[in-house]
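The file protein03.tsv comes next; it holds TSV, C-alpha atoms.
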```
chain	number	residue	atom	x	y	z
A	1	MET	CA	12.40	1.90	-11.90
A	2	LYS	CA	14.60	4.96	-11.45
A	3	LYS	CA	14.18	8.45	-10.07
A	4	SER	CA	17.06	10.86	-9.38
A	5	LEU	CA	19.22	10.11	-6.36
A	6	VAL	CA	19.26	12.43	-3.38
A	7	LEU	CA	21.77	11.69	-0.64
A	8	TRP	CA	20.49	11.93	2.92
A	9	SER	CA	22.24	11.70	6.27
A	10	MET	CA	20.91	9.13	8.71
A	11	ALA	CA	18.81	10.05	11.67
A	12	THR	CA	20.56	7.65	14.00
A	13	ILE	CA	23.84	8.96	15.42
A	14	SER	CA	25.51	5.54	15.38
A	15	LEU	CA	25.10	5.46	11.59
A	16	MET	CA	25.94	9.11	10.83
A	17	SER	CA	29.51	8.53	9.71
A	18	LEU	CA	28.37	6.31	6.84
A	19	ALA	CA	25.52	8.45	5.61
A	20	ALA	CA	26.73	12.06	5.56
A	21	CYS	CA	26.58	13.62	2.11
A	22	ASP	CA	30.25	14.56	2.08
A	23	ALA	CA	31.48	11.36	3.72
A	24	ALA	CA	33.64	8.73	2.03
A	25	PRO	CA	31.79	6.31	-0.26
A	26	PRO	CA	29.86	3.76	1.80
A	27	SER	CA	31.31	0.29	2.19
A	28	SER	CA	29.70	-2.73	0.58
A	29	THR	CA	29.94	-4.59	3.89
A	30	SER	CA	29.04	-3.89	7.52
A	31	ASN	CA	30.46	-4.62	10.96
A	32	ALA	CA	27.01	-4.34	12.53
A	33	LYS	CA	25.51	-7.39	14.21
A	34	GLY	CA	22.26	-7.12	12.32
A	35	THR	CA	18.92	-7.94	13.93
A	36	GLU	CA	18.02	-11.16	15.71
A	37	ILE	CA	15.04	-13.23	14.60
A	38	LYS	CA	12.92	-13.85	17.68
A	39	LYS	CA	9.32	-15.09	17.93
A	40	THR	CA	8.40	-13.65	14.54
A	41	ILE	CA	10.22	-12.77	11.35
A	42	LYS	CA	9.91	-9.00	11.13
A	43	LEU	CA	9.57	-7.74	7.57
A	44	GLY	CA	9.60	-4.01	6.87
A	45	LEU	CA	7.98	-2.37	3.86
A	46	ASN	CA	9.68	0.85	2.70
A	47	LEU	CA	7.42	1.92	-0.15
A	48	GLU	CA	6.12	4.91	-2.10
A	49	LEU	CA	2.57	4.96	-0.72
A	50	THR	CA	1.99	8.67	-1.39
A	51	GLY	CA	3.56	11.07	-3.85
A	52	PRO	CA	4.25	10.96	-7.61
A	53	VAL	CA	5.02	7.23	-7.90
A	54	SER	CA	2.54	5.92	-5.33
A	55	ALA	CA	0.98	3.74	-8.05
A	56	TYR	CA	4.12	1.59	-7.98
A	57	GLY	CA	4.56	1.44	-4.22
A	58	GLY	CA	0.86	1.00	-3.56
A	59	ALA	CA	0.68	-2.00	-5.88
A	60	GLU	CA	3.77	-3.56	-4.32
A	61	LYS	CA	2.26	-3.12	-0.85
A	62	VAL	CA	-0.88	-5.01	-1.91
A	63	GLY	CA	1.19	-7.82	-3.43
A	64	ALA	CA	3.45	-8.02	-0.39
A	65	GLN	CA	0.52	-8.07	2.03
A	66	MET	CA	-1.13	-10.85	0.02
A	67	ALA	CA	2.05	-12.93	0.26
A	68	VAL	CA	2.37	-12.35	4.01
A	69	ASN	CA	-1.25	-13.38	4.56
A	70	GLU	CA	-0.76	-16.57	2.55
A	71	ILE	CA	2.44	-17.52	4.34
A	72	ASN	CA	1.00	-16.88	7.79
A	73	HIS	CA	-2.23	-18.72	6.95
A	74	ALA	CA	-0.12	-21.73	5.94
A	75	GLY	CA	1.67	-21.72	9.31
A	76	GLY	CA	4.45	-19.23	8.72
A	77	VAL	CA	8.11	-19.94	8.03
A	78	ASN	CA	9.03	-23.06	9.99
A	79	GLY	CA	6.32	-22.15	12.46
A	80	LYS	CA	7.23	-18.47	12.75
A	81	LYS	CA	4.74	-15.91	11.50
A	82	ILE	CA	5.83	-12.91	9.46
A	83	GLU	CA	5.22	-9.63	11.27
A	84	LEU	CA	4.75	-6.78	8.81
A	85	VAL	CA	5.86	-3.21	9.54
A	86	THR	CA	4.82	-0.76	6.84
A	87	LYS	CA	6.19	2.76	6.32
A	88	ASP	CA	5.60	5.36	3.60
A	89	ASN	CA	8.68	6.98	2.05
A	90	LYS	CA	6.41	9.54	0.34
A	91	SER	CA	8.14	9.00	-3.04
A	92	GLU	CA	11.10	10.96	-1.64
A	93	ASN	CA	14.64	9.60	-1.71
A	94	ALA	CA	15.64	11.34	1.51
A	95	GLU	CA	12.61	9.96	3.31
A	96	SER	CA	13.46	6.49	1.99
A	97	ALA	CA	16.84	6.68	3.74
A	98	THR	CA	15.20	7.82	6.98
A	99	VAL	CA	12.57	5.08	6.80
A	100	THR	CA	15.28	2.44	6.30
A	101	THR	CA	17.10	3.56	9.44
A	102	SER	CA	13.83	3.63	11.39
A	103	LEU	CA	12.85	0.13	10.29
A	104	ALA	CA	16.28	-1.30	11.08
A	105	THR	CA	17.13	0.45	14.35
A	106	GLN	CA	13.74	1.22	15.91
A	107	ASN	CA	11.51	-1.57	14.60
A	108	ASN	CA	14.39	-4.08	14.42
A	109	VAL	CA	13.12	-5.67	11.23
A	110	ASN	CA	15.03	-8.65	9.83
A	111	VAL	CA	14.51	-7.84	6.15
A	112	ILE	CA	13.18	-4.88	4.14
A	113	VAL	CA	11.13	-5.00	0.94
A	114	GLY	CA	11.27	-1.77	-1.09
A	115	PRO	CA	11.64	0.91	-2.18
A	116	ALA	CA	10.03	0.62	-5.60
A	117	THR	CA	12.18	3.16	-7.47
A	118	SER	CA	15.92	3.00	-8.04
A	119	GLY	CA	16.63	6.48	-6.69
A	120	ALA	CA	14.89	5.72	-3.40
A	121	ALA	CA	16.57	2.32	-3.17
A	122	ALA	CA	19.99	3.86	-3.82
A	123	ALA	CA	19.37	6.38	-1.05
A	124	ALA	CA	18.36	3.57	1.31
A	125	SER	CA	21.27	1.25	0.47
A	126	PRO	CA	23.98	2.75	2.75
A	127	ASN	CA	21.62	2.68	5.73
A	128	ALA	CA	20.52	-0.91	5.16
A	129	THR	CA	24.14	-1.96	4.71
A	130	ALA	CA	25.28	-0.12	7.83
A	131	ALA	CA	22.56	-1.86	9.85
A	132	ALA	CA	23.28	-5.28	8.25
A	133	VAL	CA	19.64	-5.71	7.26
A	134	PRO	CA	18.95	-7.05	3.74
A	135	LEU	CA	16.91	-4.86	1.43
A	136	ILE	CA	15.06	-6.29	-1.57
A	137	THR	CA	13.83	-3.75	-4.10
A	138	PRO	CA	11.01	-5.28	-6.15
A	139	SER	CA	11.36	-2.90	-9.10
A	140	GLY	CA	14.55	-0.85	-8.81
A	141	THR	CA	16.26	-1.38	-12.18
A	142	GLN	CA	19.31	0.93	-12.10
A	143	ASP	CA	22.32	-1.13	-13.19
A	144	ASP	CA	24.68	-0.21	-10.35
A	145	LEU	CA	22.07	-0.29	-7.60
A	146	THR	CA	23.54	-3.39	-5.96
A	147	ILE	CA	27.15	-2.31	-6.45
A	148	ALA	CA	28.99	0.03	-4.07
A	149	ARG	CA	31.27	2.83	-5.24
A	150	ASP	CA	34.29	0.66	-4.54
A	151	GLY	CA	33.04	-1.76	-7.21
A	152	LYS	CA	32.06	-4.51	-4.80
A	153	THR	CA	28.58	-5.97	-4.50
A	154	TYR	CA	26.61	-4.71	-1.52
A	155	ASP	CA	26.22	-7.59	0.94
A	156	TYR	CA	22.70	-6.51	1.85
A	157	ILE	CA	21.12	-5.15	-1.34
A	158	PHE	CA	19.08	-7.37	-3.69
A	159	ARG	CA	16.42	-6.98	-6.36
A	160	THR	CA	13.57	-8.98	-7.83
A	161	THR	CA	13.47	-7.32	-11.25
A	162	PHE	CA	15.81	-7.07	-14.23
A	163	ILE	CA	18.29	-4.20	-14.76
A	164	ASP	CA	18.05	-1.17	-17.06
A	165	SER	CA	20.71	-2.22	-19.55
A	166	TYR	CA	18.97	-5.56	-20.02
A	167	GLN	CA	15.80	-3.65	-20.93
A	168	GLY	CA	17.74	-1.84	-23.65
A	169	ASP	CA	18.99	-5.20	-24.91
A	170	VAL	CA	15.50	-6.74	-24.93
A	171	MET	CA	13.91	-3.75	-26.66
A	172	SER	CA	16.53	-4.02	-29.39
A	173	THR	CA	16.02	-7.79	-29.73
A	174	PHE	CA	12.23	-7.45	-29.87
A	175	ALA	CA	12.31	-4.59	-32.39
A	176	THR	CA	14.72	-6.50	-34.63
A	177	ASP	CA	13.45	-10.07	-34.35
A	178	GLN	CA	9.72	-9.63	-33.79
A	179	LEU	CA	8.90	-6.30	-35.44
A	180	LYS	CA	11.57	-6.63	-38.15
A	181	ALA	CA	12.34	-2.96	-37.54
A	182	LYS	CA	15.33	-1.79	-39.59
A	183	LYS	CA	14.75	1.90	-38.85
A	184	VAL	CA	13.48	3.44	-35.62
A	185	PHE	CA	12.57	6.77	-34.05
A	186	LEU	CA	14.07	7.01	-30.53
A	187	PHE	CA	12.07	9.33	-28.23
A	188	TYR	CA	12.97	9.33	-24.52
A	189	ASP	CA	12.88	11.23	-21.22
A	190	ASN	CA	16.16	13.14	-20.99
A	191	SER	CA	15.51	14.15	-17.36
A	192	SER	CA	15.34	10.54	-16.14
A	193	ASP	CA	18.46	8.45	-15.52
A	194	TYR	CA	16.23	5.40	-15.93
A	195	ALA	CA	15.13	6.38	-19.43
A	196	LYS	CA	18.55	7.69	-20.44
A	197	GLY	CA	20.20	4.44	-19.33
A	198	ILE	CA	17.83	2.32	-21.40
A	199	ALA	CA	18.19	4.61	-24.42
A	200	LYS	CA	21.98	4.50	-24.14
A	201	GLN	CA	22.02	0.70	-24.10
A	202	PHE	CA	19.54	0.50	-26.96
A	203	LYS	CA	21.74	2.74	-29.10
A	204	LYS	CA	24.74	0.60	-28.19
A	205	VAL	CA	23.26	-2.73	-29.27
A	206	TYR	CA	20.69	-1.93	-31.97
A	207	LYS	CA	22.02	-2.96	-35.38
A	208	GLY	CA	19.45	-1.06	-37.42
A	209	LYS	CA	19.35	2.68	-38.12
A	210	ILE	CA	18.07	5.34	-35.73
A	211	VAL	CA	16.61	7.79	-38.25
A	212	ALA	CA	15.37	10.29	-35.66
A	213	GLU	CA	16.14	11.00	-32.01
A	214	ALA	CA	14.26	13.38	-29.73
A	215	THR	CA	13.91	13.94	-25.99
A	216	TYR	CA	11.42	15.36	-23.54
A	217	GLN	CA	11.36	16.19	-19.82
A	218	SER	CA	9.43	14.60	-16.96
A	219	GLY	CA	6.25	16.59	-16.45
A	220	ASP	CA	5.91	17.67	-20.08
A	221	THR	CA	2.41	17.42	-21.54
A	222	ASP	CA	2.76	18.79	-25.08
A	223	PHE	CA	4.87	16.63	-27.40
A	224	GLN	CA	3.43	17.81	-30.72
A	225	SER	CA	6.49	19.80	-31.77
A	226	ALA	CA	8.83	16.79	-31.79
A	227	LEU	CA	6.18	14.45	-33.18
A	228	THR	CA	5.33	16.86	-36.00
A	229	LYS	CA	9.00	17.33	-36.82
A	230	TYR	CA	9.66	13.62	-37.26
A	231	LYS	CA	6.29	12.08	-38.20
A	232	ASN	CA	7.10	12.09	-41.92
A	233	LYS	CA	10.40	10.30	-41.40
A	234	SER	CA	10.39	6.70	-42.55
A	235	PHE	CA	10.66	4.44	-39.47
A	236	ASP	CA	9.44	0.96	-38.59
A	237	ALA	CA	8.97	1.52	-34.85
A	238	VAL	CA	9.09	4.15	-32.13
A	239	ILE	CA	11.35	3.26	-29.19
A	240	MET	CA	10.18	5.18	-26.14
A	241	PRO	CA	12.07	4.78	-22.83
A	242	GLY	CA	10.13	6.59	-20.12
A	243	TYR	CA	7.32	6.46	-17.57
A	244	TYR	CA	3.60	6.09	-18.23
A	245	GLN	CA	2.89	9.63	-16.96
A	246	GLU	CA	4.40	11.11	-20.13
A	247	THR	CA	4.37	8.19	-22.56
A	248	GLY	CA	0.61	7.71	-22.26
A	249	THR	CA	0.12	11.26	-23.49
A	250	ILE	CA	2.75	10.83	-26.21
A	251	ILE	CA	0.92	7.75	-27.51
A	252	LYS	CA	-2.34	9.72	-27.66
A	253	GLN	CA	-0.80	12.66	-29.50
A	254	ALA	CA	1.20	10.43	-31.87
A	255	ARG	CA	-1.80	8.36	-32.88
A	256	GLU	CA	-4.01	11.44	-33.31
A	257	MET	CA	-1.55	12.94	-35.79
A	258	GLY	CA	-1.36	9.73	-37.80
A	259	ILE	CA	1.74	7.95	-36.49
A	260	THR	CA	0.73	4.28	-36.66
A	261	ALA	CA	4.14	2.58	-36.24
A	262	PRO	CA	4.59	0.12	-33.36
A	263	ILE	CA	5.59	1.79	-30.09
A	264	VAL	CA	7.94	-0.10	-27.77
A	265	GLY	CA	8.54	0.91	-24.16
A	266	PRO	CA	10.18	-0.40	-20.97
A	267	ASP	CA	8.55	-1.49	-17.71
A	268	GLY	CA	7.77	2.16	-16.98
A	269	PHE	CA	4.69	1.64	-19.20
A	270	ALA	CA	3.35	-1.00	-16.81
A	271	ASP	CA	0.41	0.80	-15.27
A	272	ASP	CA	-3.28	1.00	-16.15
A	273	LYS	CA	-2.95	4.79	-16.27
A	274	LEU	CA	-1.00	4.42	-19.52
A	275	VAL	CA	-4.26	3.42	-21.20
A	276	GLU	CA	-6.22	6.12	-19.35
A	277	LEU	CA	-3.84	8.79	-20.61
A	278	GLY	CA	-3.48	7.38	-24.10
A	279	GLY	CA	-7.09	6.41	-24.68
A	280	LYS	CA	-8.08	2.82	-25.45
A	281	GLU	CA	-8.42	3.35	-29.19
A	282	ASN	CA	-4.91	4.81	-29.39
A	283	VAL	CA	-3.14	2.17	-27.31
A	284	THR	CA	-2.90	-0.33	-30.16
A	285	ASN	CA	0.29	-1.76	-31.62
A	286	VAL	CA	1.96	-0.79	-28.35
A	287	TYR	CA	4.44	-3.09	-26.62
A	288	TYR	CA	6.17	-2.86	-23.26
A	289	LEU	CA	8.55	-4.92	-21.17
A	290	SER	CA	7.26	-6.56	-18.03
A	291	GLY	CA	8.59	-8.77	-15.31
A	292	TYR	CA	5.19	-10.44	-15.13
A	293	SER	CA	2.47	-11.94	-17.28
A	294	GLU	CA	-0.19	-14.37	-16.11
A	295	LYS	CA	0.23	-16.21	-19.41
A	296	THR	CA	3.79	-17.37	-18.73
A	297	SER	CA	3.12	-20.11	-16.14
A	298	LYS	CA	0.45	-21.95	-14.17
A	299	LYS	CA	1.80	-20.32	-11.02
A	300	ALA	CA	1.35	-16.85	-12.52
A	301	ALA	CA	-2.15	-17.71	-13.73
A	302	LYS	CA	-3.17	-18.97	-10.28
A	303	PHE	CA	-1.78	-15.83	-8.66
A	304	ALA	CA	-3.76	-13.64	-11.06
A	305	LYS	CA	-6.98	-15.56	-10.42
A	306	THR	CA	-6.57	-15.37	-6.64
A	307	PHE	CA	-5.63	-11.69	-6.75
A	308	LYS	CA	-8.62	-10.75	-8.89
A	309	ALA	CA	-11.00	-12.70	-6.65
A	310	LYS	CA	-9.63	-10.91	-3.60
A	311	TYR	CA	-9.15	-7.37	-4.89
A	312	GLY	CA	-11.49	-7.16	-7.88
A	313	SER	CA	-8.83	-6.24	-10.43
A	314	ASN	CA	-5.97	-7.83	-12.32
A	315	PRO	CA	-2.56	-7.65	-10.63
A	316	SER	CA	0.01	-5.30	-12.11
A	317	MET	CA	3.65	-6.20	-12.60
A	318	PHE	CA	4.42	-4.24	-9.43
A	319	ALA	CA	1.95	-6.23	-7.33
A	320	ALA	CA	3.52	-9.45	-8.64
A	321	LEU	CA	7.05	-8.22	-7.89
A	322	GLY	CA	6.03	-7.21	-4.36
A	323	TYR	CA	4.49	-10.64	-3.88
A	324	ASP	CA	7.59	-12.47	-5.09
A	325	SER	CA	9.88	-10.28	-2.98
A	326	VAL	CA	8.13	-11.42	0.20
A	327	TYR	CA	8.30	-15.07	-0.82
A	328	MET	CA	12.01	-14.66	-1.58
A	329	ALA	CA	12.53	-13.19	1.88
A	330	ALA	CA	10.54	-16.02	3.44
A	331	LYS	CA	12.56	-18.66	1.59
A	332	ALA	CA	15.80	-17.07	2.76
A	333	SER	CA	14.49	-16.97	6.35
A	334	GLU	CA	13.86	-20.71	6.66
A	335	ASN	CA	17.05	-21.52	8.56
A	336	ALA	CA	18.03	-18.00	9.59
A	337	LYS	CA	18.63	-16.72	13.09
A	338	SER	CA	19.42	-13.14	12.13
A	339	SER	CA	19.18	-10.59	9.34
A	340	LYS	CA	22.74	-11.47	8.34
A	341	ASP	CA	21.70	-15.09	7.80
A	342	ILE	CA	18.82	-13.96	5.57
A	343	SER	CA	21.25	-11.95	3.45
A	344	LYS	CA	23.59	-14.91	3.03
A	345	ALA	CA	20.70	-17.15	2.00
A	346	LEU	CA	19.39	-14.59	-0.51
A	347	ALA	CA	22.81	-14.47	-2.16
A	348	LYS	CA	22.63	-18.25	-2.69
A	349	LEU	CA	19.02	-18.35	-3.91
A	350	LYS	CA	18.78	-20.64	-6.93
A	351	ASP	CA	15.89	-21.69	-9.17
A	352	PHE	CA	13.36	-19.87	-7.00
A	353	LYS	CA	9.96	-20.25	-8.64
A	354	GLY	CA	7.98	-17.05	-8.40
A	355	VAL	CA	4.96	-15.68	-10.22
A	356	THR	CA	7.30	-13.38	-12.17
A	357	GLY	CA	9.45	-16.30	-13.28
A	358	THR	CA	12.14	-18.67	-12.10
A	359	MET	CA	15.04	-16.76	-10.57
A	360	THR	CA	18.64	-17.41	-9.62
A	361	ILE	CA	20.52	-14.61	-7.87
A	362	ASP	CA	23.82	-13.81	-9.59
A	363	LYS	CA	27.09	-12.50	-8.10
A	364	HIS	CA	25.82	-8.92	-8.23
A	365	HIS	CA	22.57	-9.85	-6.46
A	366	ASN	CA	20.51	-9.47	-9.64
A	367	PRO	CA	17.99	-12.15	-10.65
A	368	ILE	CA	18.63	-14.13	-13.80
A	369	LYS	CA	15.14	-14.32	-15.28
A	370	SER	CA	13.23	-14.01	-18.54
A	371	VAL	CA	11.38	-10.87	-19.66
A	372	SER	CA	7.86	-10.71	-21.08
A	373	VAL	CA	6.99	-8.24	-23.83
A	374	ILE	CA	3.30	-7.41	-23.55
A	375	GLY	CA	1.40	-6.39	-26.67
A	376	LEU	CA	-1.62	-4.08	-26.33
A	377	THR	CA	-4.57	-3.68	-28.69
A	378	LYS	CA	-7.21	-1.10	-27.77
A	379	GLY	CA	-5.67	-1.01	-24.32
A	380	LYS	CA	-6.00	-4.75	-23.72
A	381	GLU	CA	-3.20	-7.32	-23.46
A	382	THR	CA	-3.39	-9.41	-26.63
A	383	SER	CA	0.06	-10.96	-26.88
A	384	THR	CA	2.97	-12.05	-24.72
A	385	THR	CA	6.44	-12.69	-26.09
A	386	VAL	CA	8.97	-14.20	-23.69
A	387	ILE	CA	12.60	-13.18	-24.16
A	388	GLN	CA	14.81	-15.70	-22.39
A	389	ALA	CA	17.29	-14.54	-19.78
A	390	LYS	CA	20.94	-14.09	-20.62
A	391	LYS	CA	23.04	-16.50	-18.59
```
As structure tokens, what does this structure read like?
Amino acid sequence: MKKSLVLWSMATISLMSLAACDAAPPSSTSNAKGTEIKKTIKLGLNLELTGPVSAYGGAEKVGAQMAVNEINHAGGVNGKKIELVTKDNKSENAESATVTTSLATQNNVNVIVGPATSGAAAAASPNATAAAVPLITPSGTQDDLTIARDGKTYDYIFRTTFIDSYQGDVMSTFATDQLKAKKVFLFYDNSSDYAKGIAKQFKKVYKGKIVAEATYQSGDTDFQSALTKYKNKSFDAVIMPGYYQETGTIIKQAREMGITAPIVGPDGFADDKLVELGGKENVTNVYYLSGYSEKTSKKAAKFAKTFKAKYGSNPSMFAALGYDSVYMAAKASENAKSSKDISKALAKLKDFKGVTGTMTIDKHHNPIKSVSVIGLTKGKETSTTVIQAKK
């Protein structure tokens, strides 16, 4: 996920030269020694636990905590328990950078999971790199998130989810192959780099005709003007890159004025509040991309069953991504003596079987994995289409 990037100088003087807003672009590598693994493996959570996107960070915290509990109950990682240190970045990019420095230099964590959003992860990246502590963002999808300004891959930045441009590719593939959509209405959030990136890629690869294109801004609540303007256009689907906060309301208003065409969105739809905002009766013939579905594997189904028994609700994609991120960190810690060793092992991770799919980390520290397209009828998941990963 992506929110706008705010640069923030580090709180620790030893790291100031790399973090100042007007400084040279941060390096993809670090001369720091990293942090030593001692009696426990210290894992820091840098998540959006309050603020506008706390739904994402909160879910990832629950998934991560569940994974830590399971690992420790089973004896830890080669006998070493995982010690969890949790901090709230308040859904603020600047605070995310500060939290990263605090976790690395004050708490001496060996690996960081989070932030959830791309903007916060991008703000945290220079600090994690400077401290030589690997950072795994469960859901940061911005394409260049793992790549420094010099074009090199950050040694210490990884992700568990797919990238924005791939979402544009998959939305095009699904609309063309599954919905047989030859004409679409493209309606996206023009204030979000996340949504704009997906829309840009969709326009690049879609072979059909975009008969109408409209935009809105984050925080908007009245979309009737654009919907009224284009509702009588002939289109086979509505492509809607954006977050659930706005798209849920758009779905409601579109359906109420008689737009019945399939609506296709990215992983920003993946929250129960989409249905709350849209209304169950309206959230039909709606599809969204997800890094997780309990229907894709026995491992995913078992995770969902255990999660529901423990927490009383079905796990979201974000809970599943937080869960897998911790297990990835644990796997990479098996033979590690320091945070640097964990980073090296993460870069070599191959055929890791998680609840969100089987993953191999590529040269840019992105996971090669399949994508699920979830179909909703009256607000309930009624179909899952798996789009295989591009090798």
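Ranking A:Val53, A:Ala181, A:Ala121, A:Ile136 by their shortest atom-to-atom distance to Gly322 of chain A, with all atoms listed in the file included, puts A:Ile136 first.
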Which polymer residues have any atom within 12 Å of an atom of segment 74-78 of chain A, counting all atoms listed in the file, with same-chain residues fewer than 2 positions away left out, as a PyMOL selection string? chain A and resi 37+39-42+67-72+80-83+326-337
One decimal, in Å: what's the spacing between atom CA of Thr137 of chain A and atom CA of Ser339 of chain A? 16.0 Å
Return the single residue from A:Glu48, A:Phe158, A:Ile112, A:Asp271 that is closest to Lys348 of chain A, with distances computed using all atoms listed in the file.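 Closest residue, counting all atoms listed in the file: A:Phe158.
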Using the file's own x, y and z axes, what box holds all listed atoms of segment 236-253 of chain A with 8 Å on each side, keeping edges along x, y and z, and what are its centre and edge lengths in Å to one decimal, as AutoDock Vina command-line options?
```
--center_x 4.9 --center_y 6.8 --center_z -27.8 --size_x 30.4 --size_y 27.7 --size_z 37.6
```
Record the distance separating atom CA of Asn46 of chain A and atom CA of Thr86 of chain A, expressed in Å with one decimal.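 According to the coordinates, atom CA of Asn46 of chain A and atom CA of Thr86 of chain A are separated by 6.6 Å.
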Could you rebuild segment 222-243 of chain A with N, CA and C atoms and give me the result as an mmCIF file, in the frame of the given file?
```
data_model
loop_
_atom_site.group_PDB
_atom_site.id
_atom_site.type_symbol
_atom_site.label_atom_id
_atom_site.label_comp_id
_atom_site.auth_asym_id
_atom_site.auth_seq_id
_atom_site.Cartn_x
_atom_site.Cartn_y
_atom_site.Cartn_z
ATOM 1 N N ASP A 222 2.946 18.501 -23.658
ATOM 2 C CA ASP A 222 2.760 18.790 -25.080
ATOM 3 C C ASP A 222 3.977 18.300 -25.859
ATOM 4 N N PHE A 223 3.770 17.262 -26.662
ATOM 5 C CA PHE A 223 4.870 16.630 -27.400
ATOM 6 C C PHE A 223 4.708 16.815 -28.914
ATOM 7 N N GLN A 224 3.785 17.685 -29.306
ATOM 8 C CA GLN A 224 3.430 17.810 -30.720
ATOM 9 C C GLN A 224 4.566 18.361 -31.566
ATOM 10 N N SER A 225 5.395 19.214 -30.993
ATOM 11 C CA SER A 225 6.490 19.800 -31.770
ATOM 12 C C SER A 225 7.435 18.727 -32.292
ATOM 13 N N ALA A 226 7.910 17.854 -31.386
ATOM 14 C CA ALA A 226 8.830 16.790 -31.790
ATOM 15 C C ALA A 226 8.145 15.779 -32.698
ATOM 16 N N LEU A 227 6.907 15.433 -32.367
ATOM 17 C CA LEU A 227 6.180 14.450 -33.180
ATOM 18 C C LEU A 227 5.926 14.980 -34.590
ATOM 19 N N THR A 228 5.571 16.251 -34.679
ATOM 20 C CA THR A 228 5.330 16.860 -36.000
ATOM 21 C C THR A 228 6.614 16.909 -36.817
ATOM 22 N N LYS A 229 7.711 17.215 -36.142
ATOM 23 C CA LYS A 229 9.000 17.330 -36.820
ATOM 24 C C LYS A 229 9.429 16.022 -37.470
ATOM 25 N N TYR A 230 9.133 14.906 -36.787
ATOM 26 C CA TYR A 230 9.660 13.620 -37.260
ATOM 27 C C TYR A 230 8.616 12.666 -37.829
ATOM 28 N N LYS A 231 7.334 13.042 -37.808
ATOM 29 C CA LYS A 231 6.290 12.080 -38.200
ATOM 30 C C LYS A 231 6.407 11.619 -39.653
ATOM 31 N N ASN A 232 6.980 12.454 -40.507
ATOM 32 C CA ASN A 232 7.100 12.090 -41.920
ATOM 33 C C ASN A 232 8.400 11.358 -42.242
ATOM 34 N N LYS A 233 9.219 11.139 -41.208
ATOM 35 C CA LYS A 233 10.400 10.300 -41.400
ATOM 36 C C LYS A 233 9.942 8.858 -41.623
ATOM 37 N N SER A 234 10.733 8.102 -42.319
ATOM 38 C CA SER A 234 10.390 6.700 -42.550
ATOM 39 C C SER A 234 11.010 5.845 -41.446
ATOM 40 N N PHE A 235 10.169 5.304 -40.546
ATOM 41 C CA PHE A 235 10.660 4.440 -39.470
ATOM 42 C C PHE A 235 9.680 3.290 -39.253
ATOM 43 N N ASP A 236 10.230 2.179 -38.783
ATOM 44 C CA ASP A 236 9.440 0.960 -38.590
ATOM 45 C C ASP A 236 8.888 0.820 -37.181
ATOM 46 N N ALA A 237 9.421 1.584 -36.244
ATOM 47 C CA ALA A 237 8.970 1.520 -34.850
ATOM 48 C C ALA A 237 9.418 2.764 -34.106
ATOM 49 N N VAL A 238 8.701 3.075 -33.036
ATOM 50 C CA VAL A 238 9.090 4.150 -32.130
ATOM 51 C C VAL A 238 9.566 3.506 -30.833
ATOM 52 N N ILE A 239 10.794 3.789 -30.434
ATOM 53 C CA ILE A 239 11.350 3.260 -29.190
ATOM 54 C C ILE A 239 11.249 4.368 -28.153
ATOM 55 N N MET A 240 10.557 4.099 -27.040
ATOM 56 C CA MET A 240 10.180 5.180 -26.140
ATOM 57 C C MET A 240 10.490 4.885 -24.667
ATOM 58 N N PRO A 241 11.741 4.957 -24.249
ATOM 59 C CA PRO A 241 12.070 4.780 -22.830
ATOM 60 C C PRO A 241 11.506 5.918 -21.988
ATOM 61 N N GLY A 242 10.721 5.579 -20.980
ATOM 62 C CA GLY A 242 10.130 6.590 -20.120
ATOM 63 C C GLY A 242 9.051 5.998 -19.238
ATOM 64 N N TYR A 243 8.389 6.875 -18.481
ATOM 65 C CA TYR A 243 7.320 6.460 -17.570
ATOM 66 C C TYR A 243 5.945 6.720 -18.188
#
```
